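S.K.: This is the structure I have questions about; it appears just below.
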Amino acid sequence: MTSLIAYITRRLIFLIFVLIGVTLMIFAITMLFSPEIRAYLYIRNIQHVTPDVVRSVIEKYGLNDPFYLQFSRWLGQVLQGNLGWSQSSAQPVAEAILTRWPYTFEIVIFAAPLIIFFGIYLGVQAGVHRNGIIDHVTRVFSIIGYSLPSFWLGLLLLSVFYGKLGWLPPGALSYEAEQAVHASSFVRYTHIDLIDGILNGQFWITLDVLKHVILPVIVIVVIDIAVLVRVMRSSMLESLSKQYVTAARAKGLDEKTVIYKHARRNALIPVATLSGMLVAGLLGGLVITETVFGFGGLGQWAANAAIGLDVPAVLGYAMLSALLFVIANLIVDIMYAYIDPRIRLE
Amino acid sequence: MTDEEILEVENLIVRFYTYEGIVEALDGVNLKIRKGEILGLVGETGCGKSVTSLSTLVLVPPPGSIEAGKIFLKTQGKKVNLLEQDRETLRTVRGSEISMVFQEPRAYLNPVYSVENQISEVLLVHRKEEFLKRAIETIKKKKKGSNFELKLYQRMLEKPKSLTTKLLSKFTSKRTLKMELHNEVVALLKNMEIPDPERVAKMYPHELSGGMAQRVVIAMALSCNPKILLADEPTTNLDVTVQAQILQLVSLLRKNFQSSILYVTHDLGVVAEICDRVAVMYAGNVVETADVFEIFNNPLHPYTKALLESIPRPGKEFKSIPGVVPSLIKPPRGCRFHDRCDFAMEVCRKVKPQFLEVKKDHFVACHLYGGPK
Amino acid sequence: MEPRVKEWKFMVKRVRETPLALAGLIIIIFFILIALLAPVLAPPTYSDPFKIPQDKEIYSLTPNPTPPTLTHIFGTSDQQYDIYYACIWGTITAFRVGLTVVLISLIIGLILGVAAAYYGGILDEILMRFTDIIIAFPGLILAMALVLAFPAAIPINLSSIFLVFSIICSFIIIMAHPDKKLLLITQMIVVAFLVSYIYQPIVLHLEITNLDKVLFAIAIVGWPGYARLIRGEILRVKNEDYIEAAKAAGSSDFQIITKHILPNTIYPLLVVVSMDVGSIVLTAAALSFLGIGAPIDYADWGQMISRSRAWIRNPEMLASNFHTFFIPGLFITLFSLGWNLLGDALRDVLDPMLRRR
């Protein structure tokens, strides 16, 4: 067991290193802008700006100081929770994130498990029945899946299910639900409307959320599942050709055990890494999808920030993704060590 | 099939359908294994030895396919053709009546499961009832384990297929059963002269040395007391000293367990040391089968003779067999050895020799010793 | 027949036999034809062929998109831009985007990957960590941040370019003549100083459009993938026995790399390149869709669709303006599909294990 703990500690250190590196790189990007431009980030009232004001801001915030000084100052701020001011949303970045993350969460909580479980299942089936119907069908659909632009699929679905049929509207909540959630009688335990609806006994709110969440989840799942299925398939094929599979059959084990107990566990190893990256990468894909559906979550906020040249916001979003990437990797590493005992020695 | 014989392979034909063509891997192989004997299967790389042993278990991997022939196994007093059996029956045979040990032991053990896990697996497939009964006994006599477990095991004995039984057994701990299995695993490992069997049982394959892994695999193969052990070059990848130990083990096994062993190898030295009888293979055919002393002192088939002569000896000139093993995609017509044979005749080019008993218990497939002219 | 030629013939034969690969090839050829025939299929109205023509007549009536008619085969979009024209010339844009980005990423990635794998040690460690960090970012977000950060005009210091160039050449030469290392390094330092001194005053200002920024951003996000891929392949091949044999036979490092290592490592790269062209176009389209890519009248598929963002809450507009986003999106999908099909088929063909079945 100690080897497991030692391994996790090693991975943790590595990931912290990556996190620091990422923050450094993010900061370096901000430094690409001249001090004058960066001064604007500290000015809330852009109308009354003169060159003198700009100069005084540069003085005050030390925007001409050496790199390491500015970095440590910035890092200090970040660790205290101050991520700067988001021009495009007219609120502190930290606050913007806190108010919006529940919406993104509502999408991810459905999309991630669907992608992972279906991806693994379809991949295993495709690998086991090689060149069978499932294999060909999943292959074709997979390739089409990751060739689709997410915004196109989203618009298509929206125009059919909302434009033509009026069943599944965009946005995160309907108008009525929006009102209900902000009413004083509604207690926001988790700030996640999906769950709060149940906790407050108002199930219609939860259903409302579901109605709005279906299409974005479909878009994300269709596009991201493709890669997982393909990797699972080839990993399964490789595992099935290994000698311990023949040995398992020679022991008299039934085919199901051979496939699911012996072949699949080994095949899951590369898939585990991929799923971690996939989940972490969901935040990237959500930028487009949330924008298309006007979902009001972090992704859409980041998109608007990018359009509005709102640098602190984009960078704040980038930092969040990096953090999630690190956490996802850590979880994957732990799973990895559990599945494959050889890893614990690395 | 005589009383003594427990396995008979008759005219086995196996083909591999590859992109480059159809490989005629086995061209009518004939083999007989007797009770309690060690039969050596000798031949160069590629002659079809491994395919033969895999075929016995009907485990030829695609793109290979068993096209014709019969494989008779004497089981429960009856003579059964394995090639005609359904999958269920074959599964009861594999691992319990016929077991296999492979060349690279660590490749044949699943790297993500412990030794104990993989051996218990075999025990549970073939000896489940026995262990359930043992567990029940232990609970009753030694008062270890809960009442719930007792009832569960009894139910697993009586109604193994019911859904409730399956669900219950999946989600409960079954500690006593696991303990019984563990004890058996440790005992098996001890029999293989593995030091510190308790510790080894919990190890993973990558933590074992080559020799240790091979012993584990042998222990696993013998766990259900098979009648026949197929050993496919089990010592080829090991050091000579380890090889000697394993060979010793193998002959002990034959003595203690009365299993027959099909020992596939290309090493004539090993054959001389432990085999009772020898079958020589060339390019997909068994060309000669005889008692080990007969083969070494009185080889009849030209290939066997050439093989024995090519063994390097101090003071003797190197003698090799001219030519190369033919490609099995378009194998030569007639006798497959004819283009390298010193004694080839006209008929050898055209007609395939039959596998005949030329002397008592000495079979040869060669036109020099009979057959159509 | 020489074995290498035989291998290529085998590969081509296999590709021809796979229906999916053929489909991919057909699609790509279809788009190549469109790109080549663009001036014929959609004669440009302005001097810059990438400027989409607007129908001023209809515009005076309404700025709203109009459905397909005879004059406008695919209809018009917001502000009366001709969709057909945009899609045709957008094909050239797509090729330009895909191929340029792949080229840039490939060059950077190859050089760094080969250097890291070849020299090993600290260089390798640094590269690995650096690529780890870049890969930690979801690409789209990093690309977004970079597009924002890029200034409108880059001052290019000619001397630094020449410096980098000469350093790379020197490394290659050193690899070919390992015995003359010291001499060559001294020469390299001297040349470097001379070059930077001579070219110091020359500074070019390169104006870059938004679309170019997108290109560079995606290339910067993409090179780590290639670097790691090529590094992994080289490391795998480096330890094979035939490399030791070549060394024992006296081949120089340069010979080993070009004759033994590179030919064996190229194949996975081909697969990745082919599929990347598809995904790069998707990413570029996404950035254009958000509005931070091509400008509004530029012939780019993603850009055409970005107008649709305004109609999201408006079901009638969505339904009636369906053609404005459906058709350009179809082009994007098909383009990406073609390359993905090809890459997928190549991967199957080149997989050594699955080959000879």
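Residue numbering restarts at 1 in every chain; chains get A, B, ... in the order shown in the structure tokens, and ligands count up from 1 in that same order.
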Which neighbours of Val137 in chain A fall inside 12 Å, counting only C-alpha atoms, when residues of the same chain fewer than 2 positions from it are skipped, and could you give them as a PyMOL selection string?
M.R.: chain A and resi 122-123+125-126+129-135+139-145+226+229-230
S.K.: Based on the selection just made, write C-alpha atoms of those residues as a short mmCIF file (atom, residue, chain, number, x, y, z; two decimals), in the first residue's frame.
M.R.:
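Output file part-v4.cif follows:
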data_model
loop_
_atom_site.label_atom_id
_atom_site.label_comp_id
_atom_site.auth_asym_id
_atom_site.auth_seq_id
_atom_site.Cartn_x
_atom_site.Cartn_y
_atom_site.Cartn_z
CA LEU A 122 -19.17 0.89 -27.37
CA GLY A 123 -15.42 0.68 -27.68
CA GLN A 125 -18.12 -4.04 -28.18
CA ALA A 126 -16.47 -2.72 -31.32
CA HIS A 129 -16.79 -7.97 -32.50
CA ARG A 130 -14.16 -6.72 -34.86
CA ASN A 131 -15.44 -5.94 -38.34
CA GLY A 132 -18.92 -6.74 -37.15
CA ILE A 133 -21.86 -4.43 -37.52
CA ILE A 134 -21.27 -2.58 -34.26
CA ASP A 135 -17.67 -2.02 -35.24
CA ARG A 139 -16.54 3.67 -36.64
CA VAL A 140 -18.52 5.66 -39.16
CA PHE A 141 -20.47 7.54 -36.51
CA SER A 142 -17.28 8.24 -34.58
CA ILE A 143 -15.53 9.76 -37.54
CA ILE A 144 -18.57 11.84 -38.41
CA GLY A 145 -18.83 12.79 -34.75
CA ALA A 226 -15.99 9.58 -30.74
CA VAL A 229 -14.71 4.94 -28.56
CA ARG A 230 -11.90 4.72 -31.07
#
S.K.: Might you pull out every residue within 10 Å of Val272 in chain C, with only C-alpha atoms counted and same-chain residues fewer than 2 positions away left off, and present them as a count of residues only?
M.R.: 17
S.K.: Tell me the residues of chain B close to chain A, meaning within 6 Å using only C-alpha atoms, as a ChimeraX atom specification.
M.R.: /B:91,94-95,107-110,112
S.K.: Produce a file of the selected residues containing C-alpha atoms, as a compact mmCIF listing (two decimals), in the first residue's frame.
M.R.:
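Dumped to result-v7.txt:
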# COMPACT_ATOMS: atom_id res chain seq x y z
CA ARG B 91 -14.52 -25.25 -21.41
CA ARG B 94 -9.66 -26.81 -20.79
CA GLY B 95 -7.79 -26.29 -17.60
CA ALA B 107 3.40 -12.89 -20.77
CA TYR B 108 0.82 -15.53 -20.01
CA LEU B 109 -0.09 -14.15 -16.65
CA ASN B 110 -2.35 -11.15 -16.60
CA VAL B 112 -3.02 -6.59 -13.38
S.K.: Using only C-alpha atoms, what does the table of chain B residues within 12 Å of chain C look like, with each row giving the shortest atom pair and its distance in Å to one decimal, sorted by chain and ascending number, as JSON lines?
M.R.:
{"residue": "B:Phe16", "atom": "CA", "partner": "C:Arg357", "partner_atom": "CA", "distance": 9.8}
{"residue": "B:Tyr17", "atom": "CA", "partner": "C:Arg357", "partner_atom": "CA", "distance": 7.8}
{"residue": "B:Thr18", "atom": "CA", "partner": "C:Arg357", "partner_atom": "CA", "distance": 5.1}
{"residue": "B:Tyr19", "atom": "CA", "partner": "C:Arg357", "partner_atom": "CA", "distance": 5.1}
{"residue": "B:Glu20", "atom": "CA", "partner": "C:Arg356", "partner_atom": "CA", "distance": 7.2}
{"residue": "B:Gly21", "atom": "CA", "partner": "C:Arg357", "partner_atom": "CA", "distance": 9.8}
{"residue": "B:Ile22", "atom": "CA", "partner": "C:Arg357", "partner_atom": "CA", "distance": 11.0}
{"residue": "B:Pro62", "atom": "CA", "partner": "C:Arg357", "partner_atom": "CA", "distance": 9.2}
{"residue": "B:Pro63", "atom": "CA", "partner": "C:Arg357", "partner_atom": "CA", "distance": 7.2}
{"residue": "B:Gly64", "atom": "CA", "partner": "C:Arg357", "partner_atom": "CA", "distance": 10.6}
S.K.: I need the residues of range 45-271 of chain B that end up classed as strand (DSSP E or B) by DSSP on the backbone, written out as a VMD selection string.
M.R.: chain B and resid 64 to 75 78 to 81 94 98 to 101 228 to 232 260 to 265
S.K.: Can you write just those residues out, N, CA and C atoms, as a tab-separated table (two decimals), in the first residue's frame?
M.R.:
chain	number	residue	atom	x	y	z
B	64	GLY	N	-6.41	-18.52	-38.10
B	64	GLY	CA	-6.26	-19.95	-38.31
B	64	GLY	C	-7.58	-20.66	-38.14
B	65	SER	N	-7.68	-21.81	-38.75
B	65	SER	CA	-8.90	-22.58	-38.57
B	65	SER	C	-8.60	-24.05	-38.74
B	66	ILE	N	-9.22	-24.87	-37.87
B	66	ILE	CA	-9.03	-26.31	-37.95
B	66	ILE	C	-9.96	-26.84	-39.03
B	67	GLU	N	-9.35	-27.37	-40.09
B	67	GLU	CA	-10.16	-27.72	-41.24
B	67	GLU	C	-10.65	-29.15	-41.24
B	68	ALA	N	-9.78	-30.06	-40.79
B	68	ALA	CA	-10.19	-31.47	-40.86
B	68	ALA	C	-9.42	-32.25	-39.82
B	69	GLY	N	-9.85	-33.47	-39.57
B	69	GLY	CA	-9.14	-34.33	-38.65
B	69	GLY	C	-9.96	-34.57	-37.40
B	70	LYS	N	-9.41	-35.39	-36.52
B	70	LYS	CA	-10.12	-35.70	-35.30
B	70	LYS	C	-9.15	-35.61	-34.11
B	71	ILE	N	-9.68	-35.20	-32.99
B	71	ILE	CA	-8.88	-35.19	-31.76
B	71	ILE	C	-9.67	-35.93	-30.71
B	72	PHE	N	-9.20	-37.16	-30.40
B	72	PHE	CA	-9.94	-37.98	-29.45
B	72	PHE	C	-9.36	-37.85	-28.05
B	73	LEU	N	-10.22	-37.63	-27.09
B	73	LEU	CA	-9.79	-37.60	-25.70
B	73	LEU	C	-10.56	-38.66	-24.94
B	74	LYS	N	-9.85	-39.46	-24.15
B	74	LYS	CA	-10.56	-40.45	-23.37
B	74	LYS	C	-10.96	-39.80	-22.06
B	75	THR	N	-12.25	-39.56	-21.91
B	75	THR	CA	-12.71	-38.92	-20.69
B	75	THR	C	-13.89	-39.69	-20.13
B	78	LYS	N	-15.03	-42.75	-21.88
B	78	LYS	CA	-15.50	-42.72	-23.26
B	78	LYS	C	-14.47	-42.02	-24.15
B	79	LYS	N	-14.57	-42.33	-25.44
B	79	LYS	CA	-13.66	-41.69	-26.39
B	79	LYS	C	-14.44	-40.57	-27.08
B	80	VAL	N	-13.99	-39.34	-26.90
B	80	VAL	CA	-14.76	-38.19	-27.37
B	80	VAL	C	-13.94	-37.37	-28.37
B	81	ASN	N	-14.56	-36.95	-29.48
B	81	ASN	CA	-13.86	-36.12	-30.46
B	81	ASN	C	-14.03	-34.66	-30.07
B	94	ARG	N	-10.82	-27.71	-20.90
B	94	ARG	CA	-9.66	-26.81	-20.79
B	94	ARG	C	-9.38	-26.46	-19.35
B	98	ILE	N	-7.22	-31.08	-19.74
B	98	ILE	CA	-6.00	-30.75	-20.47
B	98	ILE	C	-5.59	-29.34	-20.08
B	99	SER	N	-4.36	-29.21	-19.61
B	99	SER	CA	-3.87	-27.89	-19.22
B	99	SER	C	-2.68	-27.51	-20.06
B	100	MET	N	-2.44	-26.21	-20.14
B	100	MET	CA	-1.32	-25.79	-20.96
B	100	MET	C	-0.38	-24.85	-20.23
B	101	VAL	N	0.91	-25.03	-20.49
B	101	VAL	CA	1.92	-24.14	-19.94
B	101	VAL	C	2.68	-23.55	-21.11
B	228	ILE	N	-3.70	-34.44	-18.94
B	228	ILE	CA	-2.62	-34.12	-19.88
B	228	ILE	C	-2.14	-32.70	-19.64
B	229	LEU	N	-0.83	-32.55	-19.58
B	229	LEU	CA	-0.25	-31.23	-19.47
B	229	LEU	C	0.48	-30.94	-20.78
B	230	LEU	N	0.08	-29.87	-21.45
B	230	LEU	CA	0.77	-29.47	-22.67
B	230	LEU	C	1.82	-28.44	-22.29
B	231	ALA	N	3.08	-28.79	-22.48
B	231	ALA	CA	4.13	-27.85	-22.11
B	231	ALA	C	4.79	-27.35	-23.38
B	232	ASP	N	4.50	-26.09	-23.74
B	232	ASP	CA	5.01	-25.54	-25.00
B	232	ASP	C	6.29	-24.78	-24.75
B	260	SER	N	-0.04	-37.20	-18.07
B	260	SER	CA	0.80	-37.32	-19.25
B	260	SER	C	1.25	-35.92	-19.60
B	261	ILE	N	2.40	-35.86	-20.24
B	261	ILE	CA	2.90	-34.54	-20.61
B	261	ILE	C	3.29	-34.54	-22.07
B	262	LEU	N	2.80	-33.54	-22.79
B	262	LEU	CA	3.28	-33.35	-24.16
B	262	LEU	C	4.32	-32.24	-24.08
B	263	TYR	N	5.55	-32.58	-24.24
B	263	TYR	CA	6.62	-31.60	-24.04
B	263	TYR	C	7.13	-31.13	-25.39
B	264	VAL	N	6.72	-29.91	-25.76
B	264	VAL	CA	7.13	-29.36	-27.05
B	264	VAL	C	8.46	-28.64	-26.89
B	265	THR	N	9.41	-28.95	-27.75
B	265	THR	CA	10.71	-28.29	-27.64
B	265	THR	C	11.50	-28.43	-28.92
S.K.: Just want the 10 Å neighbourhood of Val187 in chain A, counted on only C-alpha atoms, with same-chain residues fewer than 2 positions away dropped. Output as a PyMOL selection string.
M.R.: chain A and resi 181-185+189-191+196-197+199-200
S.K.: Just C-alpha atoms for this one: save the residues we selected as a PDB file, in the first residue's frame.
M.R.:
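Wrote it out as out17.pdb, contents follow:
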ATOM      1  CA  VAL A 181     -35.294  30.477  -8.251  1.00  0.00           C
ATOM      2  CA  HIS A 182     -34.639  34.061  -7.272  1.00  0.00           C
ATOM      3  CA  ALA A 183     -37.719  34.315  -5.118  1.00  0.00           C
ATOM      4  CA  SER A 184     -37.177  34.770  -1.402  1.00  0.00           C
ATOM      5  CA  SER A 185     -39.025  31.576  -0.599  1.00  0.00           C
ATOM      6  CA  TYR A 189     -28.560  25.284  -0.832  1.00  0.00           C
ATOM      7  CA  THR A 190     -26.066  24.455  -3.513  1.00  0.00           C
ATOM      8  CA  HIS A 191     -26.763  27.171  -6.074  1.00  0.00           C
ATOM      9  CA  ASP A 196     -31.978  22.951  -5.415  1.00  0.00           C
ATOM     10  CA  GLY A 197     -35.206  22.298  -7.218  1.00  0.00           C
ATOM     11  CA  LEU A 199     -34.311  20.153  -2.199  1.00  0.00           C
ATOM     12  CA  ASN A 200     -36.962  22.810  -2.223  1.00  0.00           C
TER      13      ASN A 200
END
S.K.: For chain C, which residues have at least one atom within 7 Å of chain A, if we go by only C-alpha atoms? Write them as an mmCIF file with C-alpha atoms, in the first residue's frame, please.
M.R.:
data_model
loop_
_atom_site.group_PDB
_atom_site.id
_atom_site.type_symbol
_atom_site.label_atom_id
_atom_site.label_comp_id
_atom_site.auth_asym_id
_atom_site.auth_seq_id
_atom_site.Cartn_x
_atom_site.Cartn_y
_atom_site.Cartn_z
ATOM 1 C CA ILE C 133 2.237 22.719 -19.488
ATOM 2 C CA ALA C 136 -2.525 21.213 -19.832
ATOM 3 C CA PHE C 137 -4.486 24.011 -21.440
ATOM 4 C CA PRO C 138 -7.609 23.267 -23.371
ATOM 5 C CA LEU C 140 -9.323 26.660 -27.622
ATOM 6 C CA ILE C 141 -8.886 28.814 -24.567
ATOM 7 C CA MET C 144 -8.320 32.668 -27.594
ATOM 8 C CA ALA C 145 -5.911 34.189 -25.121
ATOM 9 C CA LEU C 148 -6.154 38.649 -27.851
ATOM 10 C CA ALA C 149 -2.547 39.064 -26.888
ATOM 11 C CA LEU C 282 -12.701 23.143 -36.929
ATOM 12 C CA LEU C 290 -16.981 33.599 -31.809
ATOM 13 C CA GLY C 291 -15.956 36.626 -33.780
ATOM 14 C CA ILE C 292 -12.277 36.718 -32.997
ATOM 15 C CA ARG C 309 -25.333 34.006 -32.795
ATOM 16 C CA ILE C 312 -30.423 32.086 -30.778
ATOM 17 C CA ARG C 313 -33.415 33.180 -28.791
ATOM 18 C CA PRO C 315 -37.120 30.653 -33.140
ATOM 19 C CA GLU C 316 -38.587 32.250 -36.258
ATOM 20 C CA LEU C 318 -33.589 30.340 -36.650
ATOM 21 C CA ALA C 319 -36.018 28.521 -38.850
ATOM 22 C CA GLY C 329 -21.361 24.340 -41.732
ATOM 23 C CA THR C 333 -18.071 19.214 -41.768
ATOM 24 C CA SER C 336 -13.001 17.917 -41.831
ATOM 25 C CA LEU C 337 -14.635 14.570 -42.593
ATOM 26 C CA ASN C 340 -10.423 12.492 -40.833
ATOM 27 C CA LEU C 341 -11.461 9.594 -43.036
#
S.K.: At a cut-off of 8 Å, using only C-alpha atoms, what residues contact Leu90 in chain B? Leave out same-chain residues fewer than 6 positions from it and give the result as a PyMOL selection string.
M.R.: (chain A and resi 252) or (chain B and resi 57-58+82)
S.K.: Take the residues from that selection and write them out as an mmCIF file, in the first residue's frame, keeping C-alpha atoms.
M.R.:
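Contents of the output file again08.cif:
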data_model
loop_
_atom_site.group_PDB
_atom_site.id
_atom_site.type_symbol
_atom_site.label_atom_id
_atom_site.label_comp_id
_atom_site.auth_asym_id
_atom_site.auth_seq_id
_atom_site.Cartn_x
_atom_site.Cartn_y
_atom_site.Cartn_z
ATOM 1 C CA GLY A 252 -11.387 -22.937 -19.371
ATOM 2 C CA LEU B 57 -7.484 -27.371 -26.813
ATOM 3 C CA VAL B 58 -9.292 -26.157 -29.929
ATOM 4 C CA LEU B 82 -13.064 -32.683 -29.134
#
S.K.: Please provide as a PyMOL selection string all residues within 10 Å of range 340-343 of chain B, with the sequence filter that same-chain residues fewer than 2 positions apart are discarded (counting only C-alpha atoms).
M.R.: chain B and resi 301-303+306+321-326+335-338+345+348+367-368
S.K.: Give me the residues within 9 Å of range 157-172 of chain B as a list of chain:residue names, counting only C-alpha atoms and dropping any in the same chain fewer than 2 places off.
M.R.: B:Lys128, B:Glu129, B:Leu132, B:Lys133, B:Glu149, B:Leu152, B:Tyr153, B:Gln154, B:Arg155, B:Lys174, B:Arg175
S.K.: For Gln70 in chain A, please output as a PyMOL selection string all residues within 12 Å (counting only C-alpha atoms; exclusion window: fewer than 3 positions along the same chain).
M.R.: chain A and resi 24+27-28+30-31+35+58+61-67+73-77
S.K.: Create the file for the chosen residues now, containing N, CA and C atoms and written as a JSON list (two decimals), in the first residue's frame.
M.R.:
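This went into selection24.json:
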[["chain", "number", "residue", "atom", "x", "y", "z"],
["A", 24, "LEU", "N", 2.40, 30.59, -14.58],
["A", 24, "LEU", "CA", 3.50, 31.42, -15.08],
["A", 24, "LEU", "C", 3.27, 31.78, -16.54],
["A", 27, "PHE", "N", 0.52, 34.26, -16.92],
["A", 27, "PHE", "CA", 1.00, 35.59, -16.58],
["A", 27, "PHE", "C", 1.87, 36.15, -17.68],
["A", 28, "ALA", "N", 2.70, 35.28, -18.26],
["A", 28, "ALA", "CA", 3.58, 35.74, -19.33],
["A", 28, "ALA", "C", 2.77, 36.28, -20.49],
["A", 30, "THR", "N", -0.10, 37.82, -20.25],
["A", 30, "THR", "CA", -0.54, 39.17, -19.93],
["A", 30, "THR", "C", 0.59, 40.17, -20.17],
["A", 31, "MET", "N", 1.81, 39.74, -19.89],
["A", 31, "MET", "CA", 2.93, 40.65, -20.04],
["A", 31, "MET", "C", 3.23, 40.97, -21.50],
["A", 35, "PRO", "N", 2.50, 48.14, -20.91],
["A", 35, "PRO", "CA", 1.98, 48.64, -19.62],
["A", 35, "PRO", "C", 0.78, 49.55, -19.79],
["A", 58, "ILE", "N", 0.09, 53.28, -13.92],
["A", 58, "ILE", "CA", 1.29, 52.46, -14.11],
["A", 58, "ILE", "C", 2.20, 52.58, -12.90],
["A", 61, "TYR", "N", 0.50, 50.75, -9.69],
["A", 61, "TYR", "CA", 0.45, 49.29, -9.66],
["A", 61, "TYR", "C", 1.75, 48.66, -10.12],
["A", 62, "GLY", "N", 2.76, 49.52, -10.30],
["A", 62, "GLY", "CA", 4.08, 48.97, -10.65],
["A", 62, "GLY", "C", 4.08, 48.16, -11.92],
["A", 63, "LEU", "N", 3.42, 48.72, -12.97],
["A", 63, "LEU", "CA", 3.31, 47.92, -14.18],
["A", 63, "LEU", "C", 4.58, 47.93, -15.02],
["A", 64, "ASN", "N", 5.56, 48.70, -14.58],
["A", 64, "ASN", "CA", 6.83, 48.69, -15.30],
["A", 64, "ASN", "C", 7.91, 47.95, -14.55],
["A", 65, "ASP", "N", 7.52, 47.37, -13.43],
["A", 65, "ASP", "CA", 8.50, 46.67, -12.60],
["A", 65, "ASP", "C", 8.98, 45.39, -13.27],
["A", 66, "PRO", "N", 10.12, 44.89, -12.81],
["A", 66, "PRO", "CA", 10.62, 43.64, -13.39],
["A", 66, "PRO", "C", 9.62, 42.51, -13.27],
["A", 67, "PHE", "N", 9.80, 41.56, -14.17],
["A", 67, "PHE", "CA", 8.86, 40.45, -14.34],
["A", 67, "PHE", "C", 8.57, 39.73, -13.04],
["A", 73, "ARG", "N", 3.58, 39.56, -7.12],
["A", 73, "ARG", "CA", 2.46, 40.37, -6.66],
["A", 73, "ARG", "C", 1.15, 39.79, -7.16],
["A", 74, "TRP", "N", 1.16, 39.46, -8.46],
["A", 74, "TRP", "CA", -0.04, 38.93, -9.07],
["A", 74, "TRP", "C", -0.43, 37.61, -8.43],
["A", 75, "LEU", "N", 0.56, 36.76, -8.21],
["A", 75, "LEU", "CA", 0.29, 35.46, -7.61],
["A", 75, "LEU", "C", -0.33, 35.63, -6.23],
["A", 76, "GLY", "N", 0.22, 36.59, -5.49],
["A", 76, "GLY", "CA", -0.33, 36.86, -4.17],
["A", 76, "GLY", "C", -1.80, 37.22, -4.26],
["A", 77, "GLN", "N", -2.11, 38.08, -5.21],
["A", 77, "GLN", "CA", -3.49, 38.48, -5.40],
["A", 77, "GLN", "C", -4.38, 37.28, -5.73]]
S.K.: Which residue out of C:Thr283, C:Thr91, C:Ser251, C:Asn264 has the minimum interatomic distance to Phe331 in chain C when only C-alpha atoms are used?
M.R.: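 Looking at the shortest contact to Phe331 in chain C, the residue is C:Thr91.
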S.K.: Suppose you want the space between CA of Leu79 in chain A and CA of Arg100 in chain A; what is it in Å?
M.R.: 20.0 Å
